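The structure file final.pdb is reproduced below (PDB, C-alpha atoms (C1' of nucleotides)).
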ATOM      1  CA  MET A  45     -43.095  54.665 -47.481
ATOM      2  CA  GLN A  46     -43.942  52.544 -44.500
ATOM      3  CA  VAL A  47     -41.152  54.008 -42.456
ATOM      4  CA  ASP A  48     -41.196  53.750 -38.712
ATOM      5  CA  THR A  49     -41.986  57.004 -36.966
ATOM      6  CA  PHE A  50     -39.413  56.427 -34.274
ATOM      7  CA  GLU A  51     -36.622  55.837 -36.753
ATOM      8  CA  ILE A  52     -37.392  59.170 -38.341
ATOM      9  CA  ILE A  53     -36.975  61.271 -35.247
ATOM     10  CA  ALA A  54     -33.978  59.291 -34.074
ATOM     11  CA  ASP A  55     -31.718  61.222 -36.439
ATOM     12  CA  PRO A  56     -30.521  64.509 -34.933
ATOM     13  CA  VAL A  57     -30.257  66.254 -38.277
ATOM     14  CA  ARG A  58     -33.844  65.374 -39.070
ATOM     15  CA  ARG A  59     -34.906  66.743 -35.715
ATOM     16  CA  ARG A  60     -33.164  70.001 -36.536
ATOM     17  CA  ILE A  61     -34.982  70.137 -39.842
ATOM     18  CA  ILE A  62     -38.256  69.475 -38.100
ATOM     19  CA  GLU A  63     -37.521  72.199 -35.591
ATOM     20  CA  THR A  64     -36.808  74.585 -38.428
ATOM     21  CA  LEU A  65     -40.209  73.827 -39.915
ATOM     22  CA  ARG A  66     -42.022  74.224 -36.633
ATOM     23  CA  THR A  67     -42.736  77.893 -37.188
ATOM     24  CA  GLY A  68     -43.940  77.466 -40.743
ATOM     25  CA  GLU A  69     -42.996  76.370 -44.216
ATOM     26  CA  ARG A  70     -39.468  76.793 -45.552
ATOM     27  CA  ALA A  71     -37.580  76.316 -48.786
ATOM     28  CA  VAL A  72     -34.801  73.761 -48.959
ATOM     29  CA  GLY A  73     -32.140  76.435 -49.145
ATOM     30  CA  ASP A  74     -33.323  78.025 -45.922
ATOM     31  CA  ILE A  75     -33.038  74.718 -44.179
ATOM     32  CA  VAL A  76     -29.561  74.033 -45.515
ATOM     33  CA  GLU A  77     -28.378  77.255 -43.915
ATOM     34  CA  ARG A  78     -29.472  76.065 -40.493
ATOM     35  CA  VAL A  79     -28.146  72.531 -40.680
ATOM     36  CA  ASP A  80     -24.461  71.935 -41.206
ATOM     37  CA  ILE A  81     -24.586  69.205 -43.770
ATOM     38  CA  HIS A  82     -24.491  69.445 -47.539
ATOM     39  CA  GLN A  83     -27.575  70.311 -49.581
ATOM     40  CA  SER A  84     -27.796  66.801 -50.997
ATOM     41  CA  GLY A  85     -28.074  65.460 -47.507
ATOM     42  CA  VAL A  86     -30.887  67.819 -46.662
ATOM     43  CA  SER A  87     -32.780  66.833 -49.785
ATOM     44  CA  ARG A  88     -32.360  63.197 -48.872
ATOM     45  CA  HIS A  89     -33.646  63.801 -45.366
ATOM     46  CA  LEU A  90     -36.599  65.725 -46.733
ATOM     47  CA  ARG A  91     -37.382  62.824 -49.000
ATOM     48  CA  ILE A  92     -37.354  60.497 -46.034
ATOM     49  CA  LEU A  93     -39.501  62.850 -43.990
ATOM     50  CA  HIS A  94     -41.970  63.132 -46.833
ATOM     51  CA  ASP A  95     -42.181  59.393 -47.389
ATOM     52  CA  ALA A  96     -42.870  58.955 -43.700
ATOM     53  CA  GLY A  97     -45.631  61.547 -43.774
ATOM     54  CA  PHE A  98     -43.860  64.119 -41.641
ATOM     55  CA  VAL A  99     -43.923  66.883 -44.228
ATOM     56  CA  ASP A 100     -45.870  68.244 -47.178
ATOM     57  CA  VAL A 101     -44.322  69.919 -50.208
ATOM     58  CA  ARG A 102     -45.550  72.765 -52.317
ATOM     59  CA  PRO A 103     -43.839  74.168 -55.402
ATOM     60  CA  ASP A 104     -43.038  77.853 -55.408
ATOM     61  CA  GLY A 105     -41.255  78.798 -58.588
ATOM     62  CA  GLN A 106     -37.974  76.997 -58.698
ATOM     63  CA  ARG A 107     -38.193  76.344 -54.981
ATOM     64  CA  ARG A 108     -40.072  73.793 -52.985
ATOM     65  CA  LEU A 109     -41.649  74.754 -49.711
ATOM     66  CA  TYR A 110     -41.802  72.126 -47.000
ATOM     67  CA  SER A 111     -44.135  72.184 -44.031
ATOM     68  CA  LEU A 112     -44.929  69.909 -41.117
ATOM     69  CA  ARG A 113     -47.868  67.553 -40.960
ATOM     70  CA  ALA A 114     -49.560  66.816 -37.663
ATOM     71  CA  GLU A 115     -50.187  63.100 -37.937
ATOM     72  CA  PRO A 116     -46.820  61.629 -36.902
ATOM     73  CA  PHE A 117     -46.603  63.933 -33.928
ATOM     74  CA  ARG A 118     -50.023  62.870 -32.745
ATOM     75  CA  GLU A 119     -48.874  59.312 -33.064
ATOM     76  CA  PHE A 120     -45.813  59.984 -30.994
ATOM     77  CA  ASP A 121     -47.850  61.870 -28.455
ATOM     78  CA  ALA A 122     -50.186  58.911 -28.161
ATOM     79  CA  TRP A 123     -47.239  56.653 -27.497
ATOM     80  CA  VAL A 124     -45.816  58.883 -24.811
ATOM     81  CA  SER A 125     -49.245  59.147 -23.239
ATOM     82  CA  ARG A 126     -49.151  55.513 -22.282
ATOM     83  CA  TYR A 127     -46.185  56.308 -20.025
ATOM     84  CA  ARG A 128     -47.438  59.510 -18.453
ATOM     85  CA  ILE A 129     -48.603  57.490 -15.533
ATOM     86  CA  LEU A 130     -44.935  57.159 -14.630
ATOM     87  CA  TRP A 131     -44.693  60.740 -13.474
ATOM     88  CA  GLU A 132     -48.119  62.289 -13.284
ATOM     89  CA  ASN A 133     -48.979  60.346 -10.190
ATOM     90  CA  ARG A 134     -48.254  56.818  -9.210
ATOM     91  CA  LEU A 135     -51.674  56.003  -7.950
ATOM     92  CA  ASP A 136     -51.344  52.480  -9.207
ATOM     93  CA  LYS A 137     -48.552  51.773  -6.765
ATOM     94  CA  LEU A 138     -48.966  54.102  -3.852
ATOM     95  CA  GLY A 139     -52.688  54.046  -3.611
ATOM     96  CA  ALA A 140     -55.036  56.966  -3.728
ATOM     97  CA  GLU A 141     -54.522  57.472  -0.015
ATOM     98  CA  LEU A 142     -51.177  59.188  -0.418
ATOM     99  CA  GLU A 143     -52.526  61.327  -3.197
ATOM    100  CA  LYS A 144     -55.193  62.643  -0.892
ATOM    101  CA  ARG A 145     -52.589  63.557   1.722
ATOM    102  CA  ARG A 146     -50.422  65.301  -0.823
ATOM    103  CA  LYS A 147     -53.269  67.455  -1.992
ATOM    104  CA  ASN A 148     -54.086  68.225   1.579
ATOM    105  CA  ARG A 149     -50.579  69.419   2.191
ATOM    106  CA  GLU A 150     -50.687  71.561  -0.907
ATOM    107  CA  ARG A 151     -53.784  73.276   0.371
ATOM    108  CA  LYS A 152     -51.922  74.310   3.507
ATOM    109  CA  THR A 153     -48.521  75.309   2.145
ATOM    110  CA  PRO A 154     -48.440  78.496   0.126
ATOM    111  CA  GLY A 155     -47.221  78.028  -3.470
ATOM    112  CA  LYS A 156     -43.520  78.773  -3.792
ATOM    113  CA  PRO A 157     -42.379  79.367  -7.412
TER     114      PRO A 157
ATOM    115  CA  MET B  74     -23.949  57.662 -20.179
ATOM    116  CA  GLN B  75     -24.347  60.352 -22.808
ATOM    117  CA  VAL B  76     -26.674  58.406 -25.062
ATOM    118  CA  ASP B  77     -29.193  60.167 -27.202
ATOM    119  CA  THR B  78     -32.663  59.584 -25.829
ATOM    120  CA  PHE B  79     -34.284  59.312 -29.239
ATOM    121  CA  GLU B  80     -31.833  56.686 -30.423
ATOM    122  CA  ILE B  81     -32.945  54.489 -27.570
ATOM    123  CA  ILE B  82     -36.566  54.228 -28.591
ATOM    124  CA  ALA B  83     -35.734  53.922 -32.260
ATOM    125  CA  ASP B  84     -35.099  50.238 -31.783
ATOM    126  CA  PRO B  85     -38.303  48.184 -31.950
ATOM    127  CA  VAL B  86     -37.008  45.489 -29.621
ATOM    128  CA  ARG B  87     -36.229  48.089 -26.980
ATOM    129  CA  ARG B  88     -39.714  49.483 -27.353
ATOM    130  CA  ARG B  89     -41.128  46.040 -26.740
ATOM    131  CA  ILE B  90     -38.995  45.738 -23.631
ATOM    132  CA  ILE B  91     -40.179  49.118 -22.446
ATOM    133  CA  GLU B  92     -43.760  48.144 -23.067
ATOM    134  CA  THR B  93     -43.233  44.992 -21.062
ATOM    135  CA  LEU B  94     -41.998  47.071 -18.137
ATOM    136  CA  ARG B  95     -44.837  49.525 -18.342
ATOM    137  CA  THR B  96     -46.988  47.587 -15.922
ATOM    138  CA  GLY B  97     -44.239  47.042 -13.380
ATOM    139  CA  GLU B  98     -40.867  45.494 -12.756
ATOM    140  CA  ARG B  99     -39.800  42.289 -14.458
ATOM    141  CA  ALA B 100     -36.915  39.855 -14.384
ATOM    142  CA  VAL B 101     -34.760  39.420 -17.465
ATOM    143  CA  GLY B 102     -36.138  35.957 -18.118
ATOM    144  CA  ASP B 103     -39.679  37.249 -18.232
ATOM    145  CA  ILE B 104     -38.689  39.803 -20.812
ATOM    146  CA  VAL B 105     -36.848  37.272 -22.950
ATOM    147  CA  GLU B 106     -40.057  35.271 -23.229
ATOM    148  CA  ARG B 107     -41.868  38.228 -24.753
ATOM    149  CA  VAL B 108     -39.189  39.340 -27.180
ATOM    150  CA  ASP B 109     -37.997  36.983 -29.859
ATOM    151  CA  ILE B 110     -34.297  37.565 -29.657
ATOM    152  CA  HIS B 111     -31.674  35.702 -27.675
ATOM    153  CA  GLN B 112     -31.123  36.335 -23.980
ATOM    154  CA  SER B 113     -27.770  37.951 -24.604
ATOM    155  CA  GLY B 114     -29.459  40.484 -26.803
ATOM    156  CA  VAL B 115     -31.978  41.340 -24.132
ATOM    157  CA  SER B 116     -29.243  41.806 -21.556
ATOM    158  CA  ARG B 117     -27.422  44.083 -23.938
ATOM    159  CA  HIS B 118     -30.545  46.138 -24.542
ATOM    160  CA  LEU B 119     -31.161  46.377 -20.832
ATOM    161  CA  ARG B 120     -27.632  47.613 -20.365
ATOM    162  CA  ILE B 121     -28.232  50.296 -22.946
ATOM    163  CA  LEU B 122     -31.546  51.251 -21.402
ATOM    164  CA  HIS B 123     -29.919  51.493 -18.002
ATOM    165  CA  ASP B 124     -27.006  53.588 -19.223
ATOM    166  CA  ALA B 125     -29.475  55.950 -20.812
ATOM    167  CA  GLY B 126     -31.484  56.248 -17.627
ATOM    168  CA  PHE B 127     -34.570  54.487 -18.872
ATOM    169  CA  VAL B 128     -34.560  51.743 -16.268
ATOM    170  CA  ASP B 129     -33.540  50.936 -12.719
ATOM    171  CA  VAL B 130     -32.299  47.550 -11.546
ATOM    172  CA  ARG B 131     -32.803  45.737  -8.286
ATOM    173  CA  PRO B 132     -31.289  42.388  -7.339
ATOM    174  CA  ASP B 133     -33.669  39.658  -6.292
ATOM    175  CA  GLY B 134     -31.807  36.466  -5.551
ATOM    176  CA  GLN B 135     -30.167  35.275  -8.717
ATOM    177  CA  ARG B 136     -32.454  37.489 -10.726
ATOM    178  CA  ARG B 137     -32.397  41.143 -11.498
ATOM    179  CA  LEU B 138     -35.617  43.104 -11.620
ATOM    180  CA  TYR B 139     -35.843  45.973 -14.058
ATOM    181  CA  SER B 140     -38.307  48.829 -13.873
ATOM    182  CA  LEU B 141     -38.989  52.002 -15.806
ATOM    183  CA  ARG B 142     -37.833  55.446 -14.802
ATOM    184  CA  ALA B 143     -39.911  58.507 -15.585
ATOM    185  CA  GLU B 144     -37.279  60.999 -16.663
ATOM    186  CA  PRO B 145     -36.744  60.095 -20.323
ATOM    187  CA  PHE B 146     -40.454  59.936 -20.952
ATOM    188  CA  ARG B 147     -40.908  63.386 -19.537
ATOM    189  CA  GLU B 148     -38.284  64.503 -21.998
ATOM    190  CA  PHE B 149     -40.243  63.036 -24.873
ATOM    191  CA  ASP B 150     -43.370  64.648 -23.609
ATOM    192  CA  ALA B 151     -41.630  67.994 -23.465
ATOM    193  CA  TRP B 152     -40.365  67.552 -26.989
ATOM    194  CA  VAL B 153     -43.674  66.629 -28.520
ATOM    195  CA  SER B 154     -45.337  69.430 -26.603
ATOM    196  CA  ARG B 155     -43.629  71.916 -28.829
ATOM    197  CA  TYR B 156     -45.482  70.429 -31.771
ATOM    198  CA  ARG B 157     -48.916  70.064 -30.231
ATOM    199  CA  ILE B 158     -49.794  73.349 -31.779
ATOM    200  CA  LEU B 159     -49.874  71.464 -35.079
ATOM    201  CA  TRP B 160     -53.113  69.772 -34.200
ATOM    202  CA  GLU B 161     -54.573  71.293 -31.074
ATOM    203  CA  ASN B 162     -55.278  74.593 -32.702
ATOM    204  CA  ARG B 163     -53.333  76.517 -35.263
ATOM    205  CA  LEU B 164     -53.080  79.783 -33.445
ATOM    206  CA  ASP B 165     -49.918  80.694 -35.238
ATOM    207  CA  LYS B 166     -51.862  80.798 -38.436
ATOM    208  CA  LEU B 167     -55.239  81.945 -37.223
ATOM    209  CA  GLY B 168     -53.906  84.723 -35.089
ATOM    210  CA  ALA B 169     -53.890  85.304 -31.359
ATOM    211  CA  GLU B 170     -57.262  86.958 -31.700
ATOM    212  CA  LEU B 171     -58.976  83.626 -31.661
ATOM    213  CA  GLU B 172     -56.973  82.611 -28.609
ATOM    214  CA  LYS B 173     -58.256  85.600 -26.725
ATOM    215  CA  ARG B 174     -61.800  84.702 -27.596
ATOM    216  CA  ARG B 175     -61.221  81.130 -26.542
ATOM    217  CA  LYS B 176     -59.930  82.155 -23.163
ATOM    218  CA  ASN B 177     -62.855  84.467 -22.777
ATOM    219  CA  ARG B 178     -65.204  81.634 -23.487
ATOM    220  CA  GLU B 179     -63.440  79.492 -20.893
ATOM    221  CA  ARG B 180     -63.978  82.120 -18.232
ATOM    222  CA  LYS B 181     -67.678  81.917 -18.799
ATOM    223  CA  THR B 182     -68.138  78.174 -19.032
ATOM    224  CA  PRO B 183     -67.906  76.281 -15.755
ATOM    225  CA  GLY B 184     -64.876  74.006 -15.385
ATOM    226  CA  LYS B 185     -65.615  70.420 -16.300
ATOM    227  CA  PRO B 186     -63.114  67.831 -14.906
TER     228      PRO B 186
ATOM    229  C1'  DC C 260     -17.751  23.081  -2.180
ATOM    230  C1'  DC C 261     -20.653  21.851  -6.405
ATOM    231  C1'  DG C 262     -24.005  21.626  -9.943
ATOM    232  C1'  DA C 263     -27.828  24.296 -11.584
ATOM    233  C1'  DT C 264     -29.980  28.488 -12.774
ATOM    234  C1'  DA C 265     -29.906  33.423 -14.064
ATOM    235  C1'  DT C 266     -27.737  37.190 -16.081
ATOM    236  C1'  DA C 267     -23.830  39.704 -18.160
ATOM    237  C1'  DT C 268     -19.937  40.352 -21.446
ATOM    238  C1'  DA C 269     -16.257  39.403 -25.271
ATOM    239  C1'  DC C 270     -15.954  38.646 -30.052
ATOM    240  C1'  DG C 271     -16.593  38.561 -34.970
ATOM    241  C1'  DT C 272     -19.972  39.248 -38.694
ATOM    242  C1'  DT C 273     -23.288  41.698 -41.321
ATOM    243  C1'  DG C 274     -26.603  44.847 -42.987
ATOM    244  C1'  DA C 275     -28.295  49.421 -42.920
ATOM    245  C1'  DC C 276     -27.616  54.290 -42.910
ATOM    246  C1'  DG C 277     -25.719  58.870 -43.433
ATOM    247  C1'  DC C 278     -22.374  61.418 -45.691
ATOM    248  C1'  DG C 279     -20.023  64.115 -49.706
ATOM    249  C1'  DT C 280     -18.989  64.415 -54.668
ATOM    250  C1'  DA C 281     -20.699  64.555 -58.880
ATOM    251  C1'  DT C 282     -24.478  64.703 -61.924
ATOM    252  C1'  DA C 283     -29.370  64.991 -63.376
ATOM    253  C1'  DT C 284     -33.808  67.474 -63.513
ATOM    254  C1'  DA C 285     -36.825  71.427 -63.069
ATOM    255  C1'  DT C 286     -37.819  76.481 -63.434
ATOM    256  C1'  DT C 287     -36.762  81.221 -64.050
ATOM    257  C1'  DG C 288     -35.357  85.585 -66.754
ATOM    258  C1'  DC C 289     -33.553  87.135 -70.877
TER     259       DC C 289
ATOM    260  C1'  DG D 229     -33.042  78.336 -76.601
ATOM    261  C1'  DC D 230     -29.619  79.307 -72.914
ATOM    262  C1'  DA D 231     -27.196  80.494 -68.683
ATOM    263  C1'  DA D 232     -28.315  80.662 -63.835
ATOM    264  C1'  DT D 233     -30.485  79.126 -59.797
ATOM    265  C1'  DA D 234     -32.780  75.580 -56.934
ATOM    266  C1'  DT D 235     -33.544  70.982 -55.813
ATOM    267  C1'  DA D 236     -33.220  65.929 -56.441
ATOM    268  C1'  DT D 237     -30.796  61.502 -57.327
ATOM    269  C1'  DA D 238     -26.843  57.956 -58.433
ATOM    270  C1'  DC D 239     -22.821  56.167 -56.558
ATOM    271  C1'  DG D 240     -19.243  54.633 -53.499
ATOM    272  C1'  DC D 241     -17.396  54.798 -48.919
ATOM    273  C1'  DG D 242     -16.964  54.565 -43.912
ATOM    274  C1'  DT D 243     -19.223  53.832 -39.639
ATOM    275  C1'  DC D 244     -21.987  51.842 -36.362
ATOM    276  C1'  DA D 245     -25.263  49.155 -34.067
ATOM    277  C1'  DA D 246     -27.607  44.744 -33.436
ATOM    278  C1'  DC D 247     -27.284  40.031 -33.700
ATOM    279  C1'  DG D 248     -25.921  34.954 -32.242
ATOM    280  C1'  DT D 249     -22.400  31.960 -30.272
ATOM    281  C1'  DA D 250     -19.643  31.117 -26.730
ATOM    282  C1'  DT D 251     -18.014  32.182 -22.286
ATOM    283  C1'  DA D 252     -17.687  34.558 -17.803
ATOM    284  C1'  DT D 253     -19.785  35.941 -13.421
ATOM    285  C1'  DA D 254     -23.083  35.784  -9.782
ATOM    286  C1'  DT D 255     -26.362  33.311  -6.631
ATOM    287  C1'  DC D 256     -29.107  29.589  -5.165
ATOM    288  C1'  DG D 257     -30.024  24.631  -2.980
ATOM    289  C1'  DG D 258     -27.951  20.910  -0.949
TER     290       DG D 258
END
Spell out the structure here as structure tokens.
Amino acid sequence: MQVDTFEIIADPVRRRIIETLRTGERAVGDIVERVDIHQSGVSRHLRILHDAGFVDVRPDGQRRLYSLRAEPFREFDAWVSRYRILWENRLDKLGAELEKRRKNRERKTPGKP
Amino acid sequence: MQVDTFEIIADPVRRRIIETLRTGERAVGDIVERVDIHQSGVSRHLRILHDAGFVDVRPDGQRRLYSLRAEPFREFDAWVSRYRILWENRLDKLGAELEKRRKNRERKTPGKP
DNA sequence: CCGATATATACGTTGACGCGTATATATTGC
DNA sequence: GCAATATATACGCGTCAACGTATATATCGG
């Protein structure tokens, strides 16, 4: 427990596992098929993900079904949010004046996809 | 320089550096004061951040001013976006039916900025 | 040109982490 | 209870990244 969220998603294999779980719960074996490391490695990663609160487990016969939890992703989203100002619009630096002009221009030029 | 974006923010010291730069450009010395590792370490981290496209540099006399770049943060935002469905609303589980209704509702309610 | 200040790099050490192999622990069907 | 299947853990190894110390490279004032 008490594992840093950022450390968790730093590992590319773990991100692949997470991506696999994005569309719903999966058994360990299913995951192993999609990640090219040994089963023991996958189990270890799942342990880590569980300890960090990224996944839930649910027994299903001799299998165990893993699924994603929302919390850590919200956390990460909150972190990224603090930096959205970097690209959304730089009003802090350029001043609202430029923003006004930009919007004005947009009103005149037809949208080109 | 072909560095994994997620690896970069896995390091807590680098995150502190990034946070320091959030409000604008800073000289290396300023950053060293806010991070409790040696100056050489900070320079090394800044090198890594620069190679990975997280920061720009600008000479200023005998100093060098570092500032954040938007790109990597957009990447993170794009990544986490794929998982927003986990908490925003679980349409995958509840069915697209609800989504339709939601959109219908939106058409009726006046937009609130 | 020279000392002082600011920043970058070379180097060696160390701790943490991910991996596979082998083994342990469920759980099922018979 | 027993073989078979599915998953978890113990162990040892190799790698890699971050650190501090020491040193190199600017750039300034005089």
Given all atoms listed in the file as the basis, pick out the residue of B:Val115, B:Ala83, B:Ala151, B:Ile91 nearest to chain C.
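Looking at the shortest contact to chain C, the residue is B:Val115.
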Expand the PyMOL selection byres ((chain D and resi 256) around 12) into the explicit residue set it covers here, and present it as a VMD selection string.
(chain B and resid 133 to 136) or (chain C and resid 261 to 265) or (chain D and resid 254 to 255 257 to 258)
Which of C:DC278, C:DA283, C:DC260, C:DA267 sits closest to DT237 in chain D [using all atoms listed in the file]
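Of all the options, C:DA283 lies closest to DT237 in chain D.
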Residues of chain A no more than 6 Å from chain B, counting all atoms listed in the file: send them over as a list in words.
Phe50, Glu51, Ala54, Ala114, Leu130 and Trp131 of chain A
Surrounding residues of Ile104 in chain B excluding itself and chain neighbours under 5 positions, 7 Å, only C-alpha atoms (C1' of nucleotides), as a PyMOL selection string:
chain B and resi 90+93+99
Keeping only C-alpha atoms, write the selected residues as a PDB file, in the coordinates of the input.
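Saved as part12.pdb:
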ATOM      1  CA  ILE B  90     -38.995  45.738 -23.631  1.00  0.00           C
ATOM      2  CA  THR B  93     -43.233  44.992 -21.062  1.00  0.00           C
ATOM      3  CA  ARG B  99     -39.800  42.289 -14.458  1.00  0.00           C
TER       4      ARG B  99
END
If you measure from CA of Asp80 in chain A to CA of Ser111 in chain A, what distance in Å do you get, rounded to one decimal?
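Separating CA of Asp80 in chain A from CA of Ser111 in chain A is a distance of 19.9 Å.
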Given the PyMOL selection byres ((chain C and resi 273-277) around 10), the residues it picks as a PyMOL selection string:
(chain A and resi 55+85+88-89) or (chain C and resi 271-272+278-279) or (chain D and resi 242-247)
Could you turn the residues from that selection into a file that holds C-alpha atoms (C1' of nucleotides), as a PDB file, in the coordinates of the input?
ATOM      1  CA  ASP A  55     -31.718  61.222 -36.439  1.00  0.00           C
ATOM      2  CA  GLY A  85     -28.074  65.460 -47.507  1.00  0.00           C
ATOM      3  CA  ARG A  88     -32.360  63.197 -48.872  1.00  0.00           C
ATOM      4  CA  HIS A  89     -33.646  63.801 -45.366  1.00  0.00           C
TER       5      HIS A  89
ATOM      6  C1'  DG C 271     -16.593  38.561 -34.970  1.00  0.00           C
ATOM      7  C1'  DT C 272     -19.972  39.248 -38.694  1.00  0.00           C
ATOM      8  C1'  DC C 278     -22.374  61.418 -45.691  1.00  0.00           C
ATOM      9  C1'  DG C 279     -20.023  64.115 -49.706  1.00  0.00           C
TER      10       DG C 279
ATOM     11  C1'  DG D 242     -16.964  54.565 -43.912  1.00  0.00           C
ATOM     12  C1'  DT D 243     -19.223  53.832 -39.639  1.00  0.00           C
ATOM     13  C1'  DC D 244     -21.987  51.842 -36.362  1.00  0.00           C
ATOM     14  C1'  DA D 245     -25.263  49.155 -34.067  1.00  0.00           C
ATOM     15  C1'  DA D 246     -27.607  44.744 -33.436  1.00  0.00           C
ATOM     16  C1'  DC D 247     -27.284  40.031 -33.700  1.00  0.00           C
TER      17       DC D 247
END
Using all atoms listed in the file, which of the listed residues (A:His94, A:Asn133, A:Glu77, A:Arg58) sits closest to chain C?
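Of A:His94, A:Asn133, A:Glu77, A:Arg58, the one nearest chain C is A:Arg58, counting all atoms listed in the file.
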C-alpha atoms (C1' of nucleotides) of range 234-253 of chain D, written as a short mmCIF file (atom, residue, chain, number, x, y, z; two decimals), in the first residue's frame:
data_model
loop_
_atom_site.label_atom_id
_atom_site.label_comp_id
_atom_site.auth_asym_id
_atom_site.auth_seq_id
_atom_site.Cartn_x
_atom_site.Cartn_y
_atom_site.Cartn_z
"C1'" DA D 234 -5.68 -20.99 -12.66
"C1'" DT D 235 -3.34 -17.78 -9.98
"C1'" DA D 236 0.00 -16.22 -6.45
"C1'" DT D 237 4.56 -16.04 -4.13
"C1'" DA D 238 9.75 -17.06 -2.94
"C1'" DC D 239 14.15 -16.52 -4.74
"C1'" DG D 240 18.15 -14.96 -7.22
"C1'" DC D 241 19.86 -12.19 -10.94
"C1'" DG D 242 20.75 -8.30 -14.01
"C1'" DT D 243 19.79 -3.63 -15.08
"C1'" DC D 244 19.13 1.01 -14.50
"C1'" DA D 245 18.43 5.40 -12.64
"C1'" DA D 246 19.38 8.82 -9.07
"C1'" DC D 247 22.53 10.52 -5.97
"C1'" DG D 248 26.86 13.30 -4.16
"C1'" DT D 249 31.63 14.65 -5.00
"C1'" DA D 250 34.59 16.65 -7.84
"C1'" DT D 251 35.56 19.01 -11.97
"C1'" DA D 252 34.71 21.39 -16.38
"C1'" DT D 253 32.57 25.16 -18.97
#
